[in-house]
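What's in coords_36.txt: compact mmCIF, C-alpha atoms and all ligand atoms
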```txt
# COMPACT_ATOMS: atom_id res chain seq x y z
CA MET A 1 127.45 27.57 37.27
CA GLY A 2 126.66 30.58 35.04
CA LYS A 3 127.91 34.12 35.57
CA PRO A 4 126.04 36.30 38.06
CA ILE A 5 123.77 38.90 36.50
CA ILE A 6 122.65 42.34 37.66
CA VAL A 7 119.39 43.50 36.06
CA PHE A 8 118.59 47.20 36.18
CA ASP A 9 115.40 49.14 35.79
CA LEU A 10 115.93 52.18 33.57
CA ASP A 11 113.76 55.26 34.36
CA GLY A 12 114.59 56.55 37.84
CA THR A 13 117.27 53.91 38.42
CA LEU A 14 120.02 54.07 35.80
CA VAL A 15 118.95 57.29 34.13
CA ASP A 16 117.16 60.39 35.41
CA THR A 17 114.60 60.75 32.63
CA ALA A 18 111.99 62.66 34.67
CA PRO A 19 112.39 66.08 32.99
CA ASP A 20 111.85 64.57 29.53
CA LEU A 21 109.04 62.20 30.49
CA LEU A 22 107.25 65.03 32.29
CA ASP A 23 107.70 67.30 29.27
CA SER A 24 106.24 64.69 26.93
CA LEU A 25 103.40 63.92 29.34
CA ASN A 26 102.49 67.61 29.53
CA HIS A 27 102.68 67.94 25.75
CA THR A 28 100.21 65.06 25.57
CA LEU A 29 97.90 66.46 28.26
CA ASP A 30 97.86 69.81 26.41
CA ALA A 31 96.85 68.02 23.22
CA GLY A 32 94.01 66.27 25.05
CA GLY A 33 92.77 69.47 26.67
CA ALA A 34 93.64 68.16 30.16
CA ALA A 35 95.51 70.07 32.87
CA ARG A 36 99.30 69.80 33.01
CA THR A 37 100.98 67.95 35.85
CA ASP A 38 104.10 68.48 37.98
CA VAL A 39 106.83 66.25 39.41
CA THR A 40 104.57 65.11 42.27
CA GLY A 41 101.92 63.93 39.82
CA PHE A 42 104.55 62.36 37.58
CA ARG A 43 105.88 60.24 40.48
CA GLN A 44 102.40 58.82 40.98
CA TYR A 45 101.77 58.08 37.32
CA VAL A 46 105.12 56.64 36.16
CA GLY A 47 106.21 53.01 36.45
CA HIS A 48 104.02 51.10 34.01
CA GLY A 49 104.96 52.84 30.76
CA GLY A 50 103.61 55.87 28.90
CA ARG A 51 100.14 54.52 28.21
CA VAL A 52 99.39 53.94 31.88
CA MET A 53 101.00 57.30 32.76
CA ILE A 54 98.45 59.11 30.56
CA GLU A 55 95.58 57.00 31.92
CA ARG A 56 96.55 57.79 35.53
CA ALA A 57 96.86 61.54 34.82
CA TYR A 58 93.35 61.51 33.35
CA LYS A 59 91.99 59.51 36.26
CA ALA A 60 93.50 61.99 38.74
CA GLN A 61 91.54 64.73 36.96
CA SER A 62 88.38 62.55 36.86
CA ARG A 63 88.37 62.88 33.09
CA ASP A 64 87.03 60.28 30.69
CA LEU A 65 89.55 58.73 28.36
CA PRO A 66 87.86 56.77 25.57
CA VAL A 67 90.05 54.12 23.92
CA ALA A 68 90.45 56.00 20.62
CA GLU A 69 91.54 59.16 22.46
CA HIS A 70 93.89 57.12 24.65
CA ASP A 71 95.43 55.61 21.49
CA ARG A 72 95.78 59.06 19.89
CA LEU A 73 97.39 60.57 22.99
CA PHE A 74 99.74 57.64 23.48
CA ALA A 75 100.89 57.99 19.85
CA LEU A 76 101.52 61.71 20.47
CA PHE A 77 103.43 60.91 23.64
CA LEU A 78 105.65 58.42 21.79
CA GLU A 79 106.25 60.85 18.94
CA HIS A 80 107.21 63.69 21.29
CA TYR A 81 109.38 61.59 23.59
CA GLY A 82 111.06 59.78 20.68
CA ALA A 83 111.91 63.05 18.90
CA ASN A 84 113.74 64.37 21.96
CA ILE A 85 115.92 61.44 23.08
CA PRO A 86 118.16 61.85 25.08
CA GLY A 87 116.88 65.35 25.91
CA GLN A 88 118.09 66.34 29.38
CA SER A 89 118.27 62.73 30.61
CA LYS A 90 121.47 61.74 32.39
CA PRO A 91 122.76 58.67 34.24
CA TYR A 92 122.66 59.04 38.02
CA PRO A 93 125.95 59.67 39.87
CA GLY A 94 128.10 56.56 40.12
CA VAL A 95 126.13 54.53 37.54
CA VAL A 96 128.92 54.24 34.98
CA GLU A 97 131.48 53.37 37.67
CA ALA A 98 129.14 50.67 39.02
CA LEU A 99 128.62 49.20 35.54
CA ASP A 100 132.40 49.16 35.05
CA ARG A 101 132.90 47.38 38.38
CA PHE A 102 130.45 44.61 37.56
CA ARG A 103 131.70 44.21 34.01
CA ASP A 104 135.31 44.00 35.23
CA ALA A 105 134.26 41.36 37.78
CA GLY A 106 132.81 39.27 34.92
CA HIS A 107 129.15 39.80 35.81
CA LEU A 108 126.48 40.01 33.13
CA LEU A 109 124.40 43.19 33.00
CA ALA A 110 120.88 43.69 31.61
CA VAL A 111 118.00 46.17 31.58
CA CYS A 112 114.37 45.29 32.33
CA THR A 113 112.15 48.35 31.88
CA ASN A 114 108.55 49.31 31.25
CA LYS A 115 109.76 51.85 28.68
CA THR A 116 109.45 50.58 25.13
CA GLU A 117 112.41 48.52 23.92
CA ASP A 118 113.12 50.90 21.04
CA PHE A 119 113.25 54.01 23.24
CA SER A 120 115.29 52.19 25.89
CA LYS A 121 117.87 51.15 23.34
CA ARG A 122 117.95 54.58 21.72
CA LEU A 123 118.35 56.29 25.09
CA LEU A 124 121.16 53.98 26.19
CA VAL A 125 122.92 54.23 22.80
CA SER A 126 122.72 58.04 22.87
CA LEU A 127 124.22 58.09 26.39
CA GLY A 128 127.01 55.70 25.34
CA MET A 129 125.82 53.02 27.78
CA SER A 130 124.26 50.32 25.60
CA GLY A 131 127.48 48.31 25.25
CA TYR A 132 127.37 47.24 28.88
CA PHE A 133 124.17 45.24 28.52
CA ALA A 134 123.75 41.68 27.28
CA ALA A 135 119.99 42.37 26.93
CA ILE A 136 117.77 45.47 27.00
CA CYS A 137 114.14 44.38 27.39
CA GLY A 138 111.19 46.76 27.38
CA GLN A 139 107.44 46.62 28.00
CA ASP A 140 106.91 45.27 24.47
CA THR A 141 109.79 42.77 24.26
CA PHE A 142 107.73 39.86 25.61
CA ASP A 143 104.00 39.29 26.03
CA VAL A 144 104.18 40.41 29.68
CA ARG A 145 105.70 43.40 31.46
CA LYS A 146 106.67 44.21 35.04
CA PRO A 147 105.28 43.46 37.61
CA HIS A 148 104.91 40.09 35.87
CA PRO A 149 107.95 38.10 37.04
CA ARG A 150 108.46 36.61 33.56
CA HIS A 151 109.54 40.01 32.22
CA LEU A 152 112.52 39.72 34.56
CA THR A 153 113.21 36.01 34.13
CA GLU A 154 112.98 36.23 30.32
CA THR A 155 115.38 39.21 30.39
CA ILE A 156 117.83 37.09 32.38
CA ARG A 157 117.43 34.19 29.95
CA LEU A 158 117.96 36.45 26.91
CA ALA A 159 121.10 37.89 28.51
CA GLY A 160 122.46 34.35 29.03
CA GLY A 161 122.18 34.57 32.81
CA ASP A 162 120.87 32.32 35.53
CA ALA A 163 117.88 33.42 37.64
CA SER A 164 119.36 31.77 40.73
CA ARG A 165 122.42 34.05 40.48
CA ALA A 166 120.66 37.36 39.78
CA VAL A 167 120.02 40.68 41.51
CA MET A 168 117.45 43.25 40.39
CA VAL A 169 118.06 46.97 40.98
CA GLY A 170 115.06 49.30 40.74
CA ASP A 171 113.37 52.44 42.00
CA SER A 172 109.73 51.53 42.36
CA ARG A 173 107.21 49.17 43.85
CA THR A 174 106.83 47.66 40.38
CA ASP A 175 110.48 46.54 40.40
CA ILE A 176 110.36 45.23 43.96
CA ASP A 177 107.12 43.28 43.35
CA THR A 178 108.54 41.84 40.11
CA ALA A 179 111.77 40.64 41.70
CA LYS A 180 110.01 39.18 44.74
CA ALA A 181 107.55 37.29 42.54
CA ALA A 182 110.54 35.87 40.63
CA GLY A 183 112.34 34.94 43.88
CA ILE A 184 115.21 37.29 43.05
CA PRO A 185 116.85 39.65 45.59
CA VAL A 186 116.17 43.33 44.90
CA VAL A 187 118.14 46.46 45.70
CA ALA A 188 116.04 49.63 45.70
CA VAL A 189 117.53 53.06 45.01
CA ASP A 190 115.86 55.78 47.09
CA PHE A 191 116.33 58.62 44.58
CA GLY A 192 113.98 57.45 41.81
CA TYR A 193 110.31 57.83 40.99
CA THR A 194 107.97 56.64 43.67
CA ASP A 195 105.31 58.42 45.69
CA ARG A 196 106.02 56.30 48.79
CA HIS A 197 109.47 55.52 50.19
CA VAL A 198 110.82 52.32 48.62
CA ARG A 199 111.57 50.96 52.11
CA GLU A 200 107.82 50.44 52.58
CA PHE A 201 107.85 47.80 49.84
CA GLU A 202 110.54 45.81 51.68
CA PRO A 203 113.33 45.33 49.16
CA SER A 204 116.37 43.25 50.15
CA GLN A 205 118.43 46.46 50.50
CA VAL A 206 118.01 50.21 50.00
CA ILE A 207 120.84 52.35 48.61
CA SER A 208 121.14 56.13 48.24
CA HIS A 209 124.12 56.14 45.85
CA PHE A 210 125.51 53.63 43.36
CA ASP A 211 128.81 53.56 45.32
CA GLU A 212 126.92 51.30 47.76
CA LEU A 213 126.26 48.75 45.01
CA THR A 214 129.50 46.83 45.30
CA VAL A 215 130.32 43.47 43.75
CA ALA A 216 130.68 41.99 47.24
CA ALA A 217 127.24 43.31 48.29
CA ALA A 218 125.58 41.82 45.18
CA GLU A 219 127.33 38.49 45.73
CA ARG A 220 126.18 38.45 49.37
CA LEU A 221 122.57 38.96 48.24
CA ILE A 222 122.86 36.14 45.71
CA ALA A 223 124.40 33.81 48.30
CA ALA A 224 121.65 34.64 50.84
CA SER A 225 118.92 33.95 48.25
CA ASN A 226 120.28 30.45 47.70
CA LEU A 227 120.41 29.41 51.36
O1 LIG B 1 108.36 54.31 31.73
C1 LIG B 1 107.87 53.92 32.82
O2 LIG B 1 106.70 54.14 33.20
C2 LIG B 1 108.75 53.12 33.76
O3 LIG B 1 109.99 52.79 33.21
P1 LIG B 1 110.99 51.93 34.14
O4 LIG B 1 110.39 50.55 34.19
O5 LIG B 1 112.32 51.99 33.39
O6 LIG B 1 111.04 52.62 35.46
MG MG B 2 111.84 52.98 37.29
```

Would it be possible to restate this file's structure as structure tokens?
Amino acid sequence: MGKPIIVFDLDGTLVDTAPDLLDSLNHTLDAGGAARTDVTGFRQYVGHGGRVMIERAYKAQSRDLPVAEHDRLFALFLEHYGANIPGQSKPYPGVVEALDRFRDAGHLLAVCTNKTEDFSKRLLVSLGMSGYFAAICGQDTFDVRKPHPRHLTETIRLAGGDASRAVMVGDSRTDIDTAKAAGIPVVAVDFGYTDRHVREFEPSQVISHFDELTVAAAERLIAASNL
């Protein structure tokens, strides 16, 4: 039997990136001549990567977004966000302690995010966290991204893990839908980026602090998923 693996979402789960993502989104909206947004808007637009975030902001303003303009704005978003990593982004309280606990218990750790792989790796390197992860997989690592279950199962495979001994930890409906479609138990944090409470999407468990993510709790979820 392989080692258990804990797979984390990145934005809104491991790291609070909202101030920087919102800054880059507003920079992009300025450049397109659209109205700026706030944290409430951001929570509705985030979750499927920067391209979809821009598209949703335009849709909310009933503005047309031709493909060439979408491409131009997405490039500007990437340039602005990439130039400011890590910006004000910080891991949530208890994240590093939780990663230490799982590493010390011999569990594999990985990241499955709809951020680009390059930005995810740069962010985690700049925060001194990349060494924990056997794989860091972004929206462009495979030919599918969350909520496609294969984004998660391929991440597990790349990390050397076993999908029957895995737990996903995320902050959004996207993460919960992905894990459920892959048949993997999912812990939802309730402090991330979602416009509706994560409980509504029926994860296996909801936590409000990483202290609640114990090795025993993860092992119980894995055992229950194999009954
Ligand atoms: O960048 C996004 O839209 C979402 O990123 P996440 O998958 O790490 O939450
Ligand atoms: Mg997230």

| message | Any residue with an atom at most 6 Å from ligand LIG 1 (chain B) counts, using all atoms listed in the file. Which are they? Put them as a PyMOL selection string. | response | chain A and resi 9-12+46-50+113-115

| message | With distances taken over only C-alpha atoms and all ligand atoms, which residue among A:Leu14, A:Val206, A:Val125, A:Ala135 lies nearest ligand MG 2 (chain B)? | response |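 Ranking A:Leu14, A:Val206, A:Val125, A:Ala135 by distance to ligand MG 2 (chain B), first place goes to A:Leu14.
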
| All residues 12 Å or closer to Glu79 (chain A), all atoms listed in the file, same chain fewer than 3 positions away omitted, as an MDAnalysis selection string | chainID A and resid 21 24:25 27:28 50 72:76 82:85 119

Could you save those same residues with C-alpha atoms as a short mmCIF file (atom, residue, chain, number, x, y, z; two decimals), keeping the file's coordinate frame?
```cif
data_model
loop_
_atom_site.label_atom_id
_atom_site.label_comp_id
_atom_site.auth_asym_id
_atom_site.auth_seq_id
_atom_site.Cartn_x
_atom_site.Cartn_y
_atom_site.Cartn_z
CA LEU A 21 109.04 62.20 30.49
CA SER A 24 106.24 64.69 26.93
CA LEU A 25 103.40 63.92 29.34
CA HIS A 27 102.68 67.94 25.75
CA THR A 28 100.21 65.06 25.57
CA GLY A 50 103.61 55.87 28.90
CA ARG A 72 95.78 59.06 19.89
CA LEU A 73 97.39 60.57 22.99
CA PHE A 74 99.74 57.64 23.48
CA ALA A 75 100.89 57.99 19.85
CA LEU A 76 101.52 61.71 20.47
CA GLY A 82 111.06 59.78 20.68
CA ALA A 83 111.91 63.05 18.90
CA ASN A 84 113.74 64.37 21.96
CA ILE A 85 115.92 61.44 23.08
CA PHE A 119 113.25 54.01 23.24
#
```

| query | From the list A:Ser120, A:Ser225, A:Asn26, A:Ser164, which residue is nearest ligand MG 2 (chain B) when using all atoms listed in the file? | reply |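 Using all atoms listed in the file, the shortest distance to ligand MG 2 (chain B) belongs to A:Ser120.
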
| task | Return as a VMD selection string every polymer residue, whether protein, DNA or RNA, with at least one atom no more than 12 Å from an atom of ligand MG 2 (chain B); count only C-alpha atoms and all ligand atoms. | result | chain A and resid 8 to 18 21 42 to 49 111 to 115 120 138 146 to 147 168 to 176 178 188 to 195 198

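Proximity of A:Thr214, A:Pro4, A:Gly128, A:Glu69 to Ala159 (chain A), computed with all atoms listed in the file, is greatest for A:Pro4.
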
| request: Pick out the residues sitting within 10 Å of Leu99 (chain A), and hand them over as an MDAnalysis selection string; count only C-alpha atoms, and ignore anything fewer than 4 positions along from it in its own chain. | output: chainID A and resid 6 14 94:95 103:105 107:109 129 132:133 210 213
